[in-house]
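In what follows, a single structure is set out as structure tokens and then discussed.
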Amino acid sequence: MAVLREKMIREMELHNLSKNTQRSYLASVSGLAKYYMQSPDQLTKELIEDYFLYLKQDKGGAPNTIGTVISGLRFFYNHVVCQEHLAPVNTFGKKPRKLPTVLTKAQIWKIINAPKNMKHRLILMSAYSAGLRASEVVALKPEHIDSQRMLIKVVEGKGRKDRYTLLSETFLKELRQYYKAYRPKEYLFPSSYKNRTSLRYESLREIYEKARKKAGVKEGAGLHTLRHSFATHLLEDGYDIRKIQILLGHSCLSTTMIYVHVSHQTLSRIKSPLDSYDPQEDIKKERRDDNDSNK
């Protein structure tokens with residue numbers, strides 16, 4: 001299995017897959033191997049299909065989760081062991097798209113101020129103030145902070161695309177205090193473990209969930225809530241949806257448009273056609289028309 005793992009890593013590098021995708025694909029193959037205690041290249045198509053039924057029925061896996069496993073195994077069988085006949089097809093469909101949870105500015109502020117640890121506080125502040133994904137927070141480096149133009153450079157975000165997003169004045173002020181105290185070198189928020197340079201997603205998730213519970217905020221599970229709230233609050237503050245799209249790094253405007261549906265302030269400004277109709281005006285108009293015809 002070690003030989004196959006090295007071969008798979010090499011193939012993923014040749015296909016220019018992101019580090020997050022590589023970890024996800026390796027976990028998919030590893031999960032299958034552990035389930036059967038057998039090398040994946042020795043399994044039959046029926047056994048592979050049975051594994052997906054196990055993930056769905058016994059583990060309660062969501063369609064999107066199972067779809068990720070299928071993608072990893074498809075890559076493995078198509079490009080690593082060249083057993084295309086074993087490559088699974090995604091027949092589970094996609095999970096219905098739900099509207100994201102958005103917190104109020106007051107709730108966000110409570111969460112940011114909940115941790116006593118300065119680094120944890122700055123991590124949460126960076127995610128919200130700049131609309132960053134967890135992977136983008138982890139990858140932040142001191143040189144990505146452009147205080148002259150008040151921008152943060154996101155290097156190789158989702159889809160391996162670079163972009164610029166906002167550098168908050170409040171965040172920058174506290175970041176300078178943090179820098180004096182911690183003196184970060186390679187990463188802005190380094191791991192506290194000696195054998196690891198950057199934080200893991202699990203660490204960020206734990207930091208957020210502890211802060212959320214300490215702040216007494218019941219809804220909004222998941223660090224991505226801060227990014228959703230960032231986009232929605234900008235929209236409610238009157239900023240153009242296309243500018244928000246650029247800040248978030250969305251390829252398609254339709255992806256950003258979902259925040260229109262969760263912005264209560266934006267929707268509440270729209271007047272129902274029932275309220276815009278005045279029957280008295282029609283009556284007055286008919287009377288005027290009758291008077292004009294009688295003249």
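The chains in the structure tokens are called A, B, ... from first to last as shown; in each chain the residues are counted from 1, and the ligands are counted from 1 in the order shown.
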
If we count only C-alpha atoms, what is near Gly31 in chain A at a cut-off of 10 Å, once residues fewer than 4 positions away on the same chain are taken out, given as a list in words?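 Selected residues are Tyr25, Leu26, Ala27, Tyr35, Tyr36, Met37, Pro40, Tyr51 and Val69 of chain A.
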
As a PDB file with C-alpha atoms, in the first residue's frame, please: all residues of range 78-239 of chain A that backbone DSSP puts in strand (DSSP E or B).
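What ended up in states31.pdb:
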```pdb
ATOM      1  CA  ILE A 145      -0.539  41.650   4.328  1.00  0.00           C
ATOM      2  CA  ASP A 146      -0.366  44.822   2.214  1.00  0.00           C
ATOM      3  CA  LEU A 151      -5.360  44.554   0.979  1.00  0.00           C
ATOM      4  CA  ILE A 152      -4.690  40.905   1.784  1.00  0.00           C
ATOM      5  CA  LYS A 153      -3.272  38.735  -0.974  1.00  0.00           C
ATOM      6  CA  VAL A 154      -4.775  35.258  -1.099  1.00  0.00           C
ATOM      7  CA  ARG A 163      -6.845  37.221  -5.518  1.00  0.00           C
ATOM      8  CA  TYR A 164      -6.942  40.256  -3.260  1.00  0.00           C
ATOM      9  CA  THR A 165      -9.434  40.865  -0.503  1.00  0.00           C
ATOM     10  CA  LEU A 166     -10.009  43.489   2.181  1.00  0.00           C
ATOM     11  CA  PRO A 190       1.819  28.993  12.822  1.00  0.00           C
ATOM     12  CA  SER A 198       0.995  25.524   9.632  1.00  0.00           C
TER      13      SER A 198
END
```

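Taking only C-alpha atoms, the non-local environment of Thr101 in chain A within 9 Å (same-chain residues fewer than 4 positions away omitted) comprises A:Glu219, A:Gly220, A:Ala221, A:Thr225, A:His228, A:Ser229, A:Val262.
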
Output file for the selection above: N, CA and C atoms, as a short mmCIF file (atom, residue, chain, number, x, y, z; two decimals), in the first residue's frame:
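Printed below is result27.cif as written:
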```
data_model
loop_
_atom_site.label_atom_id
_atom_site.label_comp_id
_atom_site.auth_asym_id
_atom_site.auth_seq_id
_atom_site.Cartn_x
_atom_site.Cartn_y
_atom_site.Cartn_z
N GLU A 219 -26.68 29.09 16.80
CA GLU A 219 -26.66 28.75 15.38
C GLU A 219 -25.30 29.08 14.77
N GLY A 220 -25.13 28.71 13.50
CA GLY A 220 -23.89 29.05 12.79
C GLY A 220 -22.74 28.10 13.01
N ALA A 221 -23.02 26.80 13.05
CA ALA A 221 -21.94 25.82 13.21
C ALA A 221 -21.04 25.83 11.98
N THR A 225 -19.24 29.87 8.38
CA THR A 225 -20.30 30.83 8.71
C THR A 225 -19.75 32.26 8.71
N HIS A 228 -19.70 33.38 5.12
CA HIS A 228 -21.07 33.67 4.68
C HIS A 228 -21.55 35.00 5.24
N SER A 229 -21.25 35.25 6.50
CA SER A 229 -21.69 36.48 7.16
C SER A 229 -20.98 37.70 6.56
N VAL A 262 -30.26 35.29 1.33
CA VAL A 262 -30.16 35.22 2.80
C VAL A 262 -30.07 36.60 3.44
#
```

Give me the residues near Ala33 in chain A as a PyMOL selection string, where near means some atom within 12 Å (using only C-alpha atoms) and where sequence neighbours in that chain fewer than 5 positions away do not count. chain A and resi 1-2+4-5+26-28+38-43+47-48+51+73

Expected file: the selected residues, N, CA and C atoms, as a PDB file, in the first residue's frame:
```
ATOM      1  N   MET A   1       0.837  -1.211   0.000  1.00  0.00           N
ATOM      2  CA  MET A   1       0.000   0.000   0.000  1.00  0.00           C
ATOM      3  C   MET A   1       0.869   1.258   0.000  1.00  0.00           C
ATOM      4  N   ALA A   2       2.052   1.164   0.636  1.00  0.00           N
ATOM      5  CA  ALA A   2       2.942   2.324   0.686  1.00  0.00           C
ATOM      6  C   ALA A   2       3.416   2.705  -0.716  1.00  0.00           C
ATOM      7  N   LEU A   4       1.764   2.131  -3.534  1.00  0.00           N
ATOM      8  CA  LEU A   4       0.620   2.724  -4.229  1.00  0.00           C
ATOM      9  C   LEU A   4       0.389   4.166  -3.768  1.00  0.00           C
ATOM     10  N   ARG A   5       0.596   4.392  -2.482  1.00  0.00           N
ATOM     11  CA  ARG A   5       0.410   5.750  -1.944  1.00  0.00           C
ATOM     12  C   ARG A   5       1.389   6.722  -2.594  1.00  0.00           C
ATOM     13  N   LEU A  26      -6.495  10.859  -0.900  1.00  0.00           N
ATOM     14  CA  LEU A  26      -5.741   9.842  -0.159  1.00  0.00           C
ATOM     15  C   LEU A  26      -6.602   9.236   0.953  1.00  0.00           C
ATOM     16  N   ALA A  27      -7.381  10.092   1.612  1.00  0.00           N
ATOM     17  CA  ALA A  27      -8.265   9.612   2.669  1.00  0.00           C
ATOM     18  C   ALA A  27      -9.345   8.677   2.104  1.00  0.00           C
ATOM     19  N   SER A  28      -9.813   8.947   0.902  1.00  0.00           N
ATOM     20  CA  SER A  28     -10.827   8.105   0.256  1.00  0.00           C
ATOM     21  C   SER A  28     -10.291   6.697   0.001  1.00  0.00           C
ATOM     22  N   GLN A  38      -7.497  -4.715   2.941  1.00  0.00           N
ATOM     23  CA  GLN A  38      -6.953  -5.279   1.710  1.00  0.00           C
ATOM     24  C   GLN A  38      -6.563  -4.151   0.771  1.00  0.00           C
ATOM     25  N   SER A  39      -5.571  -4.383  -0.074  1.00  0.00           N
ATOM     26  CA  SER A  39      -5.143  -3.362  -1.017  1.00  0.00           C
ATOM     27  C   SER A  39      -6.277  -3.068  -2.009  1.00  0.00           C
ATOM     28  N   PRO A  40      -6.601  -1.809  -2.273  1.00  0.00           N
ATOM     29  CA  PRO A  40      -7.729  -1.453  -3.146  1.00  0.00           C
ATOM     30  C   PRO A  40      -7.626  -2.005  -4.564  1.00  0.00           C
ATOM     31  N   ASP A  41      -6.401  -2.250  -5.046  1.00  0.00           N
ATOM     32  CA  ASP A  41      -6.250  -2.761  -6.410  1.00  0.00           C
ATOM     33  C   ASP A  41      -6.569  -4.240  -6.509  1.00  0.00           C
ATOM     34  N   GLN A  42      -6.896  -4.864  -5.361  1.00  0.00           N
ATOM     35  CA  GLN A  42      -7.248  -6.284  -5.357  1.00  0.00           C
ATOM     36  C   GLN A  42      -8.752  -6.505  -5.182  1.00  0.00           C
ATOM     37  N   LEU A  43      -9.518  -5.441  -5.127  1.00  0.00           N
ATOM     38  CA  LEU A  43     -10.955  -5.546  -4.887  1.00  0.00           C
ATOM     39  C   LEU A  43     -11.737  -5.681  -6.180  1.00  0.00           C
ATOM     40  N   LEU A  47     -17.470  -5.240  -4.555  1.00  0.00           N
ATOM     41  CA  LEU A  47     -17.012  -4.883  -3.215  1.00  0.00           C
ATOM     42  C   LEU A  47     -16.904  -3.366  -3.061  1.00  0.00           C
ATOM     43  N   ILE A  48     -16.464  -2.701  -4.119  1.00  0.00           N
ATOM     44  CA  ILE A  48     -16.359  -1.240  -4.081  1.00  0.00           C
ATOM     45  C   ILE A  48     -17.747  -0.619  -3.936  1.00  0.00           C
ATOM     46  N   TYR A  51     -19.098  -0.930  -0.496  1.00  0.00           N
ATOM     47  CA  TYR A  51     -18.493   0.052   0.413  1.00  0.00           C
ATOM     48  C   TYR A  51     -19.289   1.357   0.400  1.00  0.00           C
ATOM     49  N   LEU A  73     -11.618   7.783  -5.484  1.00  0.00           N
ATOM     50  CA  LEU A  73     -11.422   6.421  -5.986  1.00  0.00           C
ATOM     51  C   LEU A  73     -11.392   6.382  -7.514  1.00  0.00           C
TER      52      LEU A  73
END
```

Show which residues sit within 10 Å of Gln83 in chain A, as an MDAnalysis selection string. Count only C-alpha atoms, and ignore same-chain residues fewer than 6 positions away. chainID A and resid 41 74 76:77

Selection from above, N, CA and C atoms, as an mmCIF file, in the first residue's frame, can you write it?
```
data_model
loop_
_atom_site.group_PDB
_atom_site.id
_atom_site.type_symbol
_atom_site.label_atom_id
_atom_site.label_comp_id
_atom_site.auth_asym_id
_atom_site.auth_seq_id
_atom_site.Cartn_x
_atom_site.Cartn_y
_atom_site.Cartn_z
ATOM 1 N N ASP A 41 -6.401 -2.250 -5.046
ATOM 2 C CA ASP A 41 -6.250 -2.761 -6.410
ATOM 3 C C ASP A 41 -6.569 -4.240 -6.509
ATOM 4 N N ARG A 74 -12.142 7.261 -8.151
ATOM 5 C CA ARG A 74 -12.092 7.337 -9.617
ATOM 6 C C ARG A 74 -10.684 7.722 -10.071
ATOM 7 N N PHE A 76 -7.935 7.218 -8.405
ATOM 8 C CA PHE A 76 -7.044 6.104 -8.085
ATOM 9 C C PHE A 76 -7.103 5.010 -9.155
ATOM 10 N N TYR A 77 -8.305 4.602 -9.509
ATOM 11 C CA TYR A 77 -8.444 3.492 -10.464
ATOM 12 C C TYR A 77 -8.145 3.916 -11.897
#
```

Just want the 8 Å neighbourhood of Lys141 in chain A, counted on only C-alpha atoms, with same-chain residues fewer than 6 positions away dropped. Output as a ChimeraX atom specification. /A:185-189

I want to know what sits within 12 Å of Leu253 in chain A, based on only C-alpha atoms, with residues of the same chain fewer than 6 positions away left out; could you give that as a PDB file with N, CA and C atoms, in the first residue's frame?
```
ATOM      1  N   ASP A 240     -21.805  46.465  -4.182  1.00  0.00           N
ATOM      2  CA  ASP A 240     -22.197  45.792  -5.412  1.00  0.00           C
ATOM      3  C   ASP A 240     -21.880  44.300  -5.352  1.00  0.00           C
ATOM      4  N   ILE A 241     -22.805  43.488  -5.847  1.00  0.00           N
ATOM      5  CA  ILE A 241     -22.659  42.030  -5.792  1.00  0.00           C
ATOM      6  C   ILE A 241     -21.437  41.552  -6.573  1.00  0.00           C
ATOM      7  N   ARG A 242     -21.090  42.257  -7.655  1.00  0.00           N
ATOM      8  CA  ARG A 242     -19.927  41.841  -8.453  1.00  0.00           C
ATOM      9  C   ARG A 242     -18.612  42.107  -7.715  1.00  0.00           C
ATOM     10  N   LYS A 243     -18.580  43.163  -6.937  1.00  0.00           N
ATOM     11  CA  LYS A 243     -17.376  43.436  -6.134  1.00  0.00           C
ATOM     12  C   LYS A 243     -17.226  42.382  -5.036  1.00  0.00           C
ATOM     13  N   ILE A 244     -18.353  41.971  -4.472  1.00  0.00           N
ATOM     14  CA  ILE A 244     -18.328  40.922  -3.449  1.00  0.00           C
ATOM     15  C   ILE A 244     -17.857  39.610  -4.066  1.00  0.00           C
ATOM     16  N   GLN A 245     -18.266  39.352  -5.294  1.00  0.00           N
ATOM     17  CA  GLN A 245     -17.828  38.151  -6.015  1.00  0.00           C
ATOM     18  C   GLN A 245     -16.311  38.105  -6.135  1.00  0.00           C
ATOM     19  N   ILE A 246     -15.694  39.241  -6.459  1.00  0.00           N
ATOM     20  CA  ILE A 246     -14.239  39.316  -6.601  1.00  0.00           C
ATOM     21  C   ILE A 246     -13.556  39.074  -5.257  1.00  0.00           C
ATOM     22  N   LEU A 247     -14.091  39.668  -4.202  1.00  0.00           N
ATOM     23  CA  LEU A 247     -13.496  39.511  -2.870  1.00  0.00           C
ATOM     24  C   LEU A 247     -13.553  38.056  -2.412  1.00  0.00           C
ATOM     25  N   TYR A 259     -26.253  34.904  -1.663  1.00  0.00           N
ATOM     26  CA  TYR A 259     -26.306  35.787  -0.499  1.00  0.00           C
ATOM     27  C   TYR A 259     -27.428  36.816  -0.606  1.00  0.00           C
ATOM     28  N   VAL A 260     -27.930  37.015  -1.824  1.00  0.00           N
ATOM     29  CA  VAL A 260     -29.100  37.870  -1.984  1.00  0.00           C
ATOM     30  C   VAL A 260     -30.299  37.223  -1.296  1.00  0.00           C
TER      31      VAL A 260
END
```

To one decimal in Å, tell me the separation between CA of Arg200 in chain A and CA of Lys173 in chain A. 25.5 Å

Using only C-alpha atoms, the residue out of A:Glu156, A:Asp58, A:Glu209, A:Glu202 with shortest distance to Ile111 in chain A is A:Glu209

Residues of range 112-181 of chain A in alpha helix (DSSP H), written as a PyMOL selection string: chain A and resi 112-113+118-130+134-138+169-181

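Distance check against Arg121 in chain A using only C-alpha atoms: of A:Thr170, A:Tyr208, A:Ser251, A:His85, the minimum falls on A:Tyr208.
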